[in-house]
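A.B. asks: You'll find protein.cif just under this line, and it carries mmCIF, C-alpha atoms and all ligand atoms.
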```cif
data_query
#
loop_
_atom_site.label_atom_id
_atom_site.label_comp_id
_atom_site.auth_asym_id
_atom_site.auth_seq_id
_atom_site.Cartn_x
_atom_site.Cartn_y
_atom_site.Cartn_z
CA MET A 1 89.43 101.78 115.39
CA GLN A 2 88.20 105.26 116.25
CA GLN A 3 86.96 107.54 113.52
CA GLY A 4 87.73 111.20 112.85
CA LEU A 5 85.94 114.10 114.47
CA ILE A 6 83.86 116.32 112.22
CA PRO A 7 85.31 119.84 112.03
CA GLU A 8 83.17 122.39 113.87
CA ARG A 9 83.65 125.32 111.49
CA GLN A 10 81.07 125.82 108.80
CA PRO A 11 81.75 128.87 106.67
CA GLU A 12 78.90 130.79 105.16
CA GLU A 13 79.70 129.72 101.64
CA PHE A 14 79.88 126.02 102.35
CA THR A 15 76.45 125.25 103.64
CA ASP A 16 75.68 121.71 102.58
CA MET A 17 78.97 119.95 102.86
CA ARG A 18 78.14 117.74 105.81
CA SER A 19 74.72 116.79 104.58
CA ASP A 20 76.11 115.74 101.25
CA PRO A 21 76.60 111.99 100.87
CA ASN A 22 79.83 112.59 98.98
CA HIS A 23 81.35 114.30 101.98
CA ARG A 24 82.83 111.28 103.64
CA THR A 25 84.23 112.80 106.76
CA GLY A 26 83.68 109.60 108.68
CA ASP A 27 85.47 107.22 106.32
CA ASP A 28 88.44 109.21 105.26
CA ASP A 29 90.29 107.03 102.77
CA LEU A 30 93.63 108.44 103.74
CA PHE A 31 93.71 107.33 107.32
CA ALA A 32 90.94 104.81 107.95
CA GLY A 33 91.78 101.36 109.20
CA GLY A 34 90.35 99.80 106.06
CA HIS A 35 93.66 100.61 104.41
CA GLY A 36 95.89 99.27 107.09
CA GLY A 37 97.08 101.75 109.72
CA ASP A 38 94.51 102.67 112.34
CA ALA A 39 93.85 106.37 112.90
CA ILE A 40 92.89 107.99 116.17
CA ASP A 41 92.15 111.57 117.05
CA VAL A 42 94.58 112.84 119.60
CA THR A 43 95.74 115.99 121.26
CA ASP A 44 99.26 117.32 120.74
CA ASP A 45 100.20 116.00 124.18
CA LEU A 46 99.05 112.54 123.28
CA VAL A 47 101.01 112.69 120.03
CA ALA A 48 104.11 113.48 122.06
CA ASP A 49 103.26 110.69 124.52
CA LEU A 50 102.75 108.21 121.71
CA ARG A 51 106.04 109.15 120.10
CA ARG A 52 107.78 108.90 123.47
CA ALA A 53 106.21 105.52 124.07
CA ALA A 54 107.28 104.41 120.62
CA GLY A 55 110.84 105.21 121.56
CA GLU A 56 110.60 103.28 124.79
CA THR A 57 108.58 100.26 123.70
CA SER A 58 107.85 98.29 120.57
CA LEU A 59 104.85 100.52 119.64
CA ARG A 60 105.35 101.99 116.16
CA VAL A 61 104.15 105.48 115.24
CA ALA A 62 104.44 106.84 111.75
CA PRO A 63 107.18 109.54 111.76
CA ASP A 64 105.31 112.73 110.91
CA VAL A 65 103.21 110.70 108.49
CA ARG A 66 105.37 111.66 105.52
CA HIS A 67 104.98 109.61 102.36
CA VAL A 68 105.83 110.36 98.76
CA HIS A 69 102.54 109.65 97.02
CA LYS A 70 103.05 109.16 93.32
CA GLY A 71 101.23 111.91 91.45
CA ARG A 72 100.65 114.05 94.54
CA GLY A 73 102.50 117.16 95.65
CA ALA A 74 102.17 117.28 99.43
CA VAL A 75 104.06 114.67 101.37
CA SER A 76 101.77 114.88 104.39
CA ASN A 77 98.23 115.63 105.37
CA ARG A 78 99.12 117.93 108.23
CA GLU A 79 96.26 119.63 110.06
CA GLY A 80 95.18 123.15 109.22
CA ARG A 81 95.75 126.06 111.56
CA PHE A 82 92.23 125.91 113.01
CA GLU A 83 92.38 122.31 114.23
CA SER A 84 92.83 121.72 117.94
CA GLN A 85 93.61 118.06 117.45
CA SER A 86 96.19 116.10 115.50
CA ARG A 87 95.96 112.63 113.98
CA VAL A 88 98.70 110.11 114.15
CA GLU A 89 98.90 106.61 112.75
CA ILE A 90 99.93 103.75 115.00
CA ASP A 91 100.77 100.22 114.10
CA ASP A 92 98.02 98.02 115.51
CA GLY A 93 100.28 95.02 115.73
CA TRP A 94 99.67 93.72 112.21
CA GLY A 95 102.48 95.61 110.49
CA SER A 96 99.80 97.85 109.06
CA LEU A 97 101.86 101.04 108.67
CA GLU A 98 103.31 99.55 105.51
CA ASP A 99 99.79 99.17 104.11
CA LEU A 100 98.88 102.87 104.13
CA PRO A 101 97.44 103.96 100.78
CA ALA A 102 100.08 104.69 98.17
CA LYS A 103 97.87 106.90 96.05
CA PRO A 104 94.99 108.75 97.72
CA ALA A 105 92.10 108.98 95.29
CA ARG A 106 90.08 112.07 94.39
CA GLN A 107 86.85 112.69 96.28
CA GLU A 108 84.30 115.03 94.71
CA ILE A 109 82.23 117.01 97.22
CA VAL A 110 79.15 119.08 96.38
CA ASP A 111 79.35 122.75 97.34
CA ALA A 112 75.82 124.12 97.32
CA THR A 113 76.85 127.76 97.65
CA ARG A 114 74.41 130.08 95.90
CA ARG A 115 76.92 132.86 95.21
CA VAL A 116 79.71 132.39 92.70
CA ILE A 117 81.23 135.83 92.16
CA THR A 118 83.82 136.70 94.81
CA ARG A 119 84.98 140.31 95.21
CA ASN A 120 88.38 141.48 96.34
CA GLN A 121 89.99 144.83 97.05
CA SER A 122 93.61 143.76 96.72
CA PRO A 123 95.84 146.32 95.00
CA ASP A 124 98.16 143.43 94.06
CA VAL A 125 95.91 141.94 91.40
CA PRO A 126 94.46 143.59 88.31
CA PHE A 127 90.89 142.39 88.87
CA ASP A 128 88.24 142.94 91.52
CA ARG A 129 86.02 139.90 90.98
CA SER A 130 86.56 136.21 90.36
CA ILE A 131 84.83 132.84 90.14
CA ASN A 132 86.20 129.60 91.51
CA ALA A 133 83.82 126.78 90.70
CA TYR A 134 86.11 124.32 92.45
CA ARG A 135 87.91 124.41 95.79
CA GLY A 136 91.02 122.37 96.17
CA CYS A 137 93.05 121.60 93.09
CA GLU A 138 94.19 118.25 91.88
CA HIS A 139 97.15 119.73 90.05
CA GLY A 140 98.67 119.63 93.52
CA CYS A 141 101.34 122.31 93.18
CA ILE A 142 103.26 122.26 96.44
CA TYR A 143 103.71 126.04 96.41
CA CYS A 144 100.01 126.79 95.84
CA PHE A 145 98.96 129.65 98.08
CA ALA A 146 95.32 128.57 97.82
CA ARG A 147 96.11 125.59 100.04
CA PRO A 148 95.25 127.42 103.31
CA THR A 149 91.64 127.83 102.13
CA HIS A 150 91.16 124.10 102.72
CA ALA A 151 92.01 124.59 106.39
CA TRP A 152 89.06 126.98 106.53
CA LEU A 153 86.86 124.14 105.28
CA GLY A 154 88.11 121.88 108.04
CA MET A 155 90.32 119.88 105.69
CA SER A 156 94.07 119.60 105.42
CA PRO A 157 95.94 122.04 103.17
CA GLY A 158 98.19 119.06 102.39
CA LEU A 159 96.89 115.99 100.60
CA ASP A 160 93.23 116.90 101.24
CA PHE A 161 93.70 120.05 99.17
CA GLU A 162 94.68 118.03 96.13
CA THR A 163 92.34 115.08 96.63
CA ARG A 164 89.13 116.38 98.24
CA ILE A 165 87.76 118.71 95.59
CA THR A 166 84.53 120.64 96.08
CA TYR A 167 82.47 121.67 93.08
CA LYS A 168 79.49 123.94 92.55
CA PRO A 169 77.08 122.05 90.29
CA ASP A 170 74.75 125.04 89.96
CA ALA A 171 77.47 127.59 89.38
CA ALA A 172 76.19 128.60 85.94
CA ILE A 173 72.63 129.13 87.17
CA CYS A 174 73.92 131.17 90.10
CA LEU A 175 76.04 133.24 87.72
CA VAL A 176 73.03 134.01 85.53
CA ASN A 177 71.09 135.13 88.58
CA GLU A 178 73.92 137.32 89.88
CA LEU A 179 74.55 138.98 86.53
CA ALA A 180 70.82 139.55 86.08
CA LYS A 181 70.50 141.69 89.20
CA PRO A 182 70.16 145.39 88.33
CA ALA A 183 72.71 146.16 91.03
CA TYR A 184 75.35 144.26 89.06
CA SER A 185 75.29 146.51 86.01
CA ASN A 186 74.05 149.72 87.62
CA ASN A 187 76.53 150.05 90.46
CA PRO A 188 78.39 153.36 90.04
CA THR A 189 81.10 152.37 92.54
CA ARG A 190 81.65 148.94 90.99
CA PRO A 191 80.96 149.11 87.27
CA VAL A 192 81.02 145.97 85.13
CA ALA A 193 84.58 144.61 84.98
CA PRO A 194 86.23 141.39 83.80
CA ILE A 195 85.64 138.32 85.93
CA ASN A 196 88.73 136.20 86.52
CA MET A 197 88.79 132.42 86.68
CA GLY A 198 91.79 130.49 87.96
CA THR A 199 92.79 132.88 90.69
CA ASN A 200 92.39 130.41 93.53
CA THR A 201 92.00 127.00 91.94
CA ASP A 202 92.50 125.88 88.38
CA PRO A 203 89.31 125.96 86.29
CA TYR A 204 90.79 123.28 84.01
CA GLN A 205 91.92 120.78 86.64
CA PRO A 206 90.99 117.10 85.99
CA ILE A 207 87.50 117.21 87.56
CA GLU A 208 86.44 119.72 84.89
CA SER A 209 86.70 117.06 82.20
CA THR A 210 83.55 115.43 83.58
CA ARG A 211 81.80 118.24 85.51
CA ARG A 212 82.20 120.82 82.70
CA ILE A 213 81.33 123.70 85.03
CA THR A 214 83.96 126.03 83.59
CA ARG A 215 82.53 125.51 80.12
CA GLN A 216 79.01 126.23 81.38
CA LEU A 217 80.24 129.45 83.00
CA LEU A 218 81.94 130.50 79.76
CA GLU A 219 78.71 129.85 77.87
CA VAL A 220 76.88 132.22 80.20
CA LEU A 221 79.56 134.89 79.94
CA SER A 222 79.78 134.61 76.18
CA ASP A 223 76.00 134.79 75.75
CA CYS A 224 75.80 138.07 77.68
CA ASN A 225 79.08 139.54 76.34
CA HIS A 226 80.76 139.63 79.72
CA PRO A 227 84.59 139.82 79.66
CA VAL A 228 86.65 137.13 81.40
CA GLY A 229 90.29 136.46 82.25
CA ILE A 230 91.49 132.88 82.70
CA THR A 231 94.64 131.54 84.32
CA THR A 232 95.42 127.85 83.98
CA LYS A 233 98.02 125.12 83.91
CA GLY A 234 95.60 122.71 82.23
CA THR A 235 95.52 121.57 78.62
CA LEU A 236 91.79 120.99 78.96
CA ILE A 237 91.33 124.63 78.01
CA GLU A 238 91.89 123.47 74.43
CA ARG A 239 88.42 121.87 74.58
CA ASP A 240 86.90 125.35 74.91
CA LEU A 241 88.81 127.10 72.13
CA ASP A 242 85.57 127.46 70.19
CA ILE A 243 83.94 129.64 72.86
CA LEU A 244 87.17 131.45 73.69
CA ALA A 245 87.91 132.30 70.05
CA SER A 246 84.39 133.67 69.65
CA MET A 247 84.83 135.80 72.77
CA ALA A 248 88.26 136.95 71.60
CA SER A 249 86.73 138.21 68.36
CA ARG A 250 84.60 140.50 70.60
CA ASN A 251 87.56 141.51 72.80
CA LEU A 252 86.06 139.64 75.77
CA VAL A 253 88.80 137.25 76.88
CA HIS A 254 92.41 137.02 77.91
CA VAL A 255 94.24 133.81 78.91
CA SER A 256 97.37 133.36 81.05
CA ILE A 257 99.25 130.08 80.92
CA SER A 258 101.00 129.49 84.22
CA LEU A 259 104.40 127.87 83.73
CA PRO A 260 107.14 128.21 86.34
CA THR A 261 109.69 125.74 84.96
CA LEU A 262 110.72 123.86 81.82
CA ASP A 263 112.42 121.16 83.87
CA HIS A 264 110.29 118.06 83.42
CA GLU A 265 111.71 116.21 86.43
CA LEU A 266 111.28 119.20 88.73
CA SER A 267 107.74 119.82 87.46
CA ARG A 268 106.78 116.20 88.13
CA THR A 269 107.11 116.65 91.88
CA LEU A 270 106.53 120.40 92.11
CA GLU A 271 103.16 120.42 90.31
CA PRO A 272 102.48 116.71 89.81
CA ARG A 273 99.10 116.73 88.04
CA ALA A 274 99.52 119.84 85.93
CA ALA A 275 100.37 119.37 82.27
CA ALA A 276 104.05 118.79 81.49
CA PRO A 277 105.95 122.02 80.75
CA ARG A 278 106.43 121.46 77.00
CA ARG A 279 102.80 120.42 76.70
CA ARG A 280 101.76 123.69 78.34
CA LEU A 281 103.83 125.59 75.80
CA LYS A 282 101.92 123.75 73.06
CA THR A 283 98.64 124.82 74.68
CA LEU A 284 99.87 128.40 74.71
CA ARG A 285 100.68 128.11 71.01
CA LEU A 286 97.25 126.67 70.15
CA ILE A 287 95.52 129.47 72.06
CA ALA A 288 97.56 132.11 70.22
CA GLN A 289 96.88 130.43 66.88
CA ALA A 290 93.15 130.58 67.64
CA GLY A 291 93.44 134.37 67.85
CA ILE A 292 93.05 134.51 71.63
CA PRO A 293 95.34 136.94 73.49
CA VAL A 294 97.58 134.89 75.76
CA SER A 295 100.33 135.61 78.31
CA LEU A 296 102.96 133.62 80.13
CA LEU A 297 102.68 133.69 83.90
CA MET A 298 105.85 132.46 85.59
CA ALA A 299 104.30 131.65 88.94
CA PRO A 300 106.10 131.20 91.09
CA VAL A 301 109.76 132.06 90.59
CA ILE A 302 111.50 129.85 93.17
CA PRO A 303 114.96 130.98 94.25
CA LEU A 304 117.65 128.49 93.21
CA LEU A 305 115.16 125.97 91.78
CA THR A 306 113.62 127.89 88.87
CA ASP A 307 115.09 131.38 88.73
CA GLY A 308 117.78 130.23 86.30
CA GLU A 309 115.11 129.64 83.67
CA ILE A 310 113.63 133.13 83.40
CA GLU A 311 115.19 134.09 80.07
CA LYS A 312 114.65 130.72 78.42
CA LEU A 313 111.01 130.61 79.46
CA LEU A 314 110.38 134.10 78.14
CA LYS A 315 112.03 133.24 74.85
CA LEU A 316 110.04 130.06 74.31
CA ALA A 317 106.78 131.70 75.37
CA ALA A 318 107.37 134.52 72.88
CA GLN A 319 108.11 132.00 70.13
CA ALA A 320 104.87 130.18 70.99
CA GLY A 321 102.83 133.36 70.55
CA ALA A 322 102.57 134.95 73.99
CA GLU A 323 102.05 138.68 73.81
CA SER A 324 103.05 139.53 77.39
CA ALA A 325 104.50 137.94 80.53
CA GLY A 326 104.36 138.31 84.28
CA TYR A 327 105.72 136.57 87.35
CA VAL A 328 105.09 136.05 91.04
CA LEU A 329 107.87 135.36 93.51
CA LEU A 330 107.43 132.27 95.70
CA ARG A 331 104.95 133.00 98.49
CA LEU A 332 104.73 130.83 101.59
CA PRO A 333 101.71 131.98 103.61
CA LEU A 334 100.35 130.04 106.58
CA GLU A 335 100.46 126.26 106.13
CA VAL A 336 102.16 126.50 102.73
CA ARG A 337 105.46 127.26 104.44
CA ASP A 338 105.63 123.94 106.32
CA LEU A 339 104.33 121.94 103.37
CA PHE A 340 106.93 123.49 101.08
CA VAL A 341 109.79 122.93 103.53
CA GLU A 342 108.66 119.34 103.99
CA TRP A 343 108.64 118.88 100.20
CA LEU A 344 112.10 120.44 99.90
CA GLN A 345 113.49 118.11 102.55
CA VAL A 346 112.07 115.06 100.78
CA HIS A 347 112.84 115.97 97.16
CA HIS A 348 115.79 118.38 97.41
CA PRO A 349 117.47 117.77 100.77
CA ASP A 350 120.81 119.07 99.48
CA LYS A 351 119.31 122.43 98.48
CA ALA A 352 116.64 122.88 101.15
CA SER A 353 118.45 125.20 103.52
CA HIS A 354 119.92 127.29 100.67
CA VAL A 355 116.51 127.75 99.06
CA MET A 356 114.97 128.85 102.35
CA GLN A 357 117.85 131.24 103.02
CA LEU A 358 117.25 132.89 99.65
CA VAL A 359 113.51 132.99 100.36
CA ARG A 360 114.24 134.87 103.58
CA ASP A 361 116.55 137.21 101.66
CA THR A 362 113.54 138.22 99.56
CA ARG A 363 111.21 138.51 102.55
CA GLY A 364 112.99 140.82 104.93
CA GLY A 365 114.56 137.96 106.88
CA ARG A 366 111.33 136.04 107.34
CA ASP A 367 109.77 133.16 105.46
CA TYR A 368 106.90 135.30 104.23
CA GLN A 369 105.70 138.88 104.01
CA SER A 370 101.95 139.24 103.61
CA ALA A 371 101.81 143.01 103.15
CA TRP A 372 100.11 144.27 100.03
CA GLY A 373 102.56 145.72 97.58
CA VAL A 374 105.44 143.37 98.42
CA ARG A 375 103.96 139.90 98.69
CA GLN A 376 103.97 139.30 94.92
CA ARG A 377 107.53 140.44 94.19
CA GLY A 378 109.42 140.41 97.51
CA THR A 379 112.08 142.88 98.60
CA GLY A 380 115.87 143.09 98.78
CA ASP A 381 118.74 142.59 96.36
CA TYR A 382 117.82 139.10 95.26
CA ALA A 383 114.21 140.07 94.55
CA ASP A 384 115.40 143.18 92.70
CA LEU A 385 117.71 141.11 90.55
CA ILE A 386 114.88 138.82 89.54
CA ALA A 387 112.73 141.85 88.70
CA GLN A 388 115.50 143.33 86.55
CA ARG A 389 116.14 140.09 84.70
CA PHE A 390 112.46 139.62 84.06
CA ALA A 391 112.06 143.16 82.76
CA ALA A 392 115.09 142.81 80.49
CA GLY A 393 113.86 139.47 79.15
CA ARG A 394 110.44 140.89 78.46
CA ARG A 395 111.96 143.74 76.46
CA ARG A 396 114.29 141.44 74.60
CA TYR A 397 111.56 139.04 73.51
CA GLY A 398 108.83 141.61 72.86
CA LEU A 399 106.70 140.58 75.83
CA ASN A 400 106.47 144.00 77.43
CA THR A 401 103.25 145.14 75.82
CA ARG A 402 100.50 145.97 78.25
CA GLN A 403 97.48 143.73 78.05
CA SER A 404 94.76 145.54 76.16
CA ARG A 405 91.64 146.34 78.14
CA LEU A 406 88.77 143.95 77.61
CA ASP A 407 85.53 145.53 76.43
CA CYS A 408 82.95 145.84 79.22
CA SER A 409 80.56 148.04 77.23
CA GLN A 410 78.93 145.14 75.36
CA PHE A 411 77.52 143.46 78.47
CA VAL A 412 73.82 142.62 78.23
CA PRO A 413 72.35 141.31 81.51
CA PRO A 414 70.81 137.84 81.20
CA VAL A 415 67.28 137.06 82.34
CA ALA A 416 67.11 135.42 85.76
CA ALA A 417 64.67 132.55 85.66
CA GLY A 418 64.71 128.81 86.16
CA ALA A 419 63.85 128.39 82.51
CA THR A 420 66.82 130.51 81.51
CA THR A 421 69.21 127.67 82.03
CA ARG A 422 67.30 125.53 79.61
CA GLN A 423 67.10 128.38 77.09
CA LEU A 424 70.84 128.79 77.33
CA GLY A 425 71.35 125.05 76.95
CA LEU A 426 73.66 125.07 79.93
CA PHE A 427 73.63 121.40 80.55
CA ASP A 428 73.73 120.12 77.00
CA GLY A 429 76.48 117.60 76.81
CA ALA A 430 77.29 117.66 80.52
CA THR A 431 78.52 114.29 81.62
CA GLY A 432 78.89 114.85 85.34
S1 LIG B 501 97.21 124.77 89.30
FE1 LIG B 501 97.06 126.69 90.41
S2 LIG B 501 95.34 126.40 91.81
FE2 LIG B 501 96.00 124.38 91.13
S3 LIG B 501 97.41 123.66 92.67
FE3 LIG B 501 98.61 124.63 91.04
S4 LIG B 501 98.87 126.74 91.71
FE4 LIG B 501 97.20 125.89 92.94
#
```
Would you mind writing the file's structure down as structure tokens?
Ligand code: SF4
C.D. replies:
Amino acid sequence: MQQGLIPERQPEEFTDMRSDPNHRTGDDDLFAGGHGGDAIDVTDDLVADLRRAAGETSLRVAPDVRHVHKGRGAVSNREGRFESQSRVEIDDGWGSLEDLPAKPARQEIVDATRRVITRNQSPDVPFDRSINAYRGCEHGCIYCFARPTHAWLGMSPGLDFETRITYKPDAAICLVNELAKPAYSNNPTRPVAPINMGTNTDPYQPIESTRRITRQLLEVLSDCNHPVGITTKGTLIERDLDILASMASRNLVHVSISLPTLDHELSRTLEPRAAAPRRRLKTLRLIAQAGIPVSLLMAPVIPLLTDGEIEKLLKLAAQAGAESAGYVLLRLPLEVRDLFVEWLQVHHPDKASHVMQLVRDTRGGRDYQSAWGVRQRGTGDYADLIAQRFAAGRRRYGLNTRQSRLDCSQFVPPVAAGATTRQLGLFDGATG
């Protein structure tokens, strides 16, 4: 058996990945021969040759390597846009294609990046800075537009995105050091503003239950009175209600619960490791009952599959205690488009072409529009109708209040020092 090639790209913020023993590029569980099918690295031409040969001889090649993995969203591990080579599984004569792993396990990979606050200038989002302690997300939502970031890391935006999760063990220490810099609080062009968590990967995905990095970050932010916004699909946020309630009493936190559907069966394949829809509504209720301002985020609205639920979702969210609501129309940038179409063909073959036609209706005839200003809500009659229904529902259920501004004036810079982490007790109770 031949093993995989190590990706050549090494982005600035991902310095130690290959030197980390947890980064098992060479024994990829998904495709290594130890699980049955042999994997070889091949060019696109060779893939075509292999498939041609398979048609002409008894050689068996996995058809596009599509499998429904229980508890996973993507049905393939297709290469990212930067890869010059493809991988294909061939039967080595032992009937081994049938032995491919049914359930790829999570790998945890250290990310030794020293910076944790990421800045953005997008006019589409109401924040200019964010923290993502994890990359990749085990919730595995097939529509997740963070998937293409895994291609940048040399991993697949498909199954790799939801199984090979990077984490920043020193994120809290790095945050202390960044907030302590005079330039952070004395920058006239970028004054102190809320930091958002959950903008790219979910801060309460399963790995957080043992790594506890999100909780450590919240402890830092709470200790120095720094405001934070959180978006999640995870019930694990309930663990941190103590910190969040304390921050809410100082007007320092806002939470958005992301919930695109109430349909349990649809959710099971659409976002396989996120909490069940009704369970997420319960989380929303508990957050509201703890006195923490909370919103519903219907993200994404998927034409034909979920757009019929707008009014019901708004009603139930309002009853659970949400004070506002927002939505994002389905976005299919880069590799997400093919992964989503693949998922549609496997799970909703009867609706696939209709869904994609409606998607194109909202995107000027294409599968995706990336321009600022339209990528969140789309364009055209269908997109306008969704916007009108959402606005009417918000009014009807009292969810049209603007989120109140979090208070940035209380921020007190922490002291940057190695001892600071011990003073703050950052690692008390950490189990990772
Ligand atoms: S929970 Fe959010 S970050 Fe995670 S896969 Fe789903 S959409 Fe992506």
A.B. asks: Using all atoms listed in the file, what are the residues with an atom within 8 Å of ligand LIG 501 (chain B), set out as a PDB file with C-alpha atoms, keeping the file's coordinate frame?
C.D. replies:
```pdb
ATOM      1  CA  GLY A 136      91.020 122.370  96.170  1.00  0.00           C
ATOM      2  CA  CYS A 137      93.050 121.600  93.090  1.00  0.00           C
ATOM      3  CA  GLU A 138      94.190 118.250  91.880  1.00  0.00           C
ATOM      4  CA  HIS A 139      97.150 119.730  90.050  1.00  0.00           C
ATOM      5  CA  GLY A 140      98.670 119.630  93.520  1.00  0.00           C
ATOM      6  CA  CYS A 141     101.340 122.310  93.180  1.00  0.00           C
ATOM      7  CA  ILE A 142     103.260 122.260  96.440  1.00  0.00           C
ATOM      8  CA  TYR A 143     103.710 126.040  96.410  1.00  0.00           C
ATOM      9  CA  CYS A 144     100.010 126.790  95.840  1.00  0.00           C
ATOM     10  CA  PHE A 145      98.960 129.650  98.080  1.00  0.00           C
ATOM     11  CA  ALA A 146      95.320 128.570  97.820  1.00  0.00           C
ATOM     12  CA  ARG A 147      96.110 125.590 100.040  1.00  0.00           C
ATOM     13  CA  GLU A 162      94.680 118.030  96.130  1.00  0.00           C
ATOM     14  CA  GLY A 198      91.790 130.490  87.960  1.00  0.00           C
ATOM     15  CA  THR A 199      92.790 132.880  90.690  1.00  0.00           C
ATOM     16  CA  ASN A 200      92.390 130.410  93.530  1.00  0.00           C
ATOM     17  CA  THR A 201      92.000 127.000  91.940  1.00  0.00           C
ATOM     18  CA  ASP A 202      92.500 125.880  88.380  1.00  0.00           C
ATOM     19  CA  GLN A 205      91.920 120.780  86.640  1.00  0.00           C
ATOM     20  CA  THR A 232      95.420 127.850  83.980  1.00  0.00           C
ATOM     21  CA  LYS A 233      98.020 125.120  83.910  1.00  0.00           C
ATOM     22  CA  GLY A 234      95.600 122.710  82.230  1.00  0.00           C
ATOM     23  CA  SER A 258     101.000 129.490  84.220  1.00  0.00           C
ATOM     24  CA  GLU A 271     103.160 120.420  90.310  1.00  0.00           C
ATOM     25  CA  ALA A 274      99.520 119.840  85.930  1.00  0.00           C
ATOM     26  CA  ALA A 299     104.300 131.650  88.940  1.00  0.00           C
TER      27      ALA A 299
END
```
A.B. asks: Kindly list the centre and edge lengths in Å, rounded to one decimal, for the axis-aligned box that covers all listed atoms of region 339-355 of chain A plus 6 Å on each of its six sides, as AutoDock Vina command-line options.
C.D. replies:
```
--center_x 112.6 --center_y 121.4 --center_z 100.6 --size_x 28.5 --size_y 24.7 --size_z 18.8
```
A.B. asks: Could you list, as a ChimeraX atom specification, every residue within 12 Å of Tyr204 (chain A), counting all atoms listed in the file and ignoring same-chain residues fewer than 6 positions away?
C.D. replies: /A:132-134,137-139,197-198,210-215,230-240,257-258,273-275
A.B. asks: Find, counting all atoms listed in the file, the residue in A:Pro126, A:Pro272, A:Pro182, A:Gly154 that gets nearest to Val75 (chain A).
C.D. replies: A:Pro272
A.B. asks: Counting only C-alpha atoms, I want the residues whose atoms come within 8 Å of (113.3, 137.4, 95.8) in the file frame, returned as a list of chain:residue names.
C.D. replies: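 Counting only C-alpha atoms, I find these residues within 8 Å of (113.3, 137.4, 95.8): A:Pro303, A:Leu329, A:Leu330, A:Leu358, A:Val359, A:Asp361, A:Thr362, A:Arg363, A:Arg377, A:Gly378, A:Thr379, A:Gly380, A:Asp381, A:Tyr382, A:Ala383, A:Asp384, A:Leu385, A:Ile386.
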A.B. asks: My list of candidates is A:Ala371, A:Ala245, A:Cys174, A:Leu296. Which is closest to Lys315 (chain A) when distances are computed with all atoms listed in the file?
C.D. replies: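 Between A:Ala371, A:Ala245, A:Cys174, A:Leu296, the residue approaching Lys315 (chain A) most closely is A:Leu296.
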A.B. asks: Find the residue from A:Arg78, A:Arg402, A:Arg375, A:Arg279 that sits nearest to Glu323 (chain A); use only C-alpha atoms when measuring.
C.D. replies: A:Arg402
A.B. asks: So which residues touch Thr163 (chain A) within 7 Å, counting only C-alpha atoms, skipping near sequence neighbours fewer than 3 positions away, as a VMD selection string?
C.D. replies: chain A and resid 104 to 107 138 159 to 160
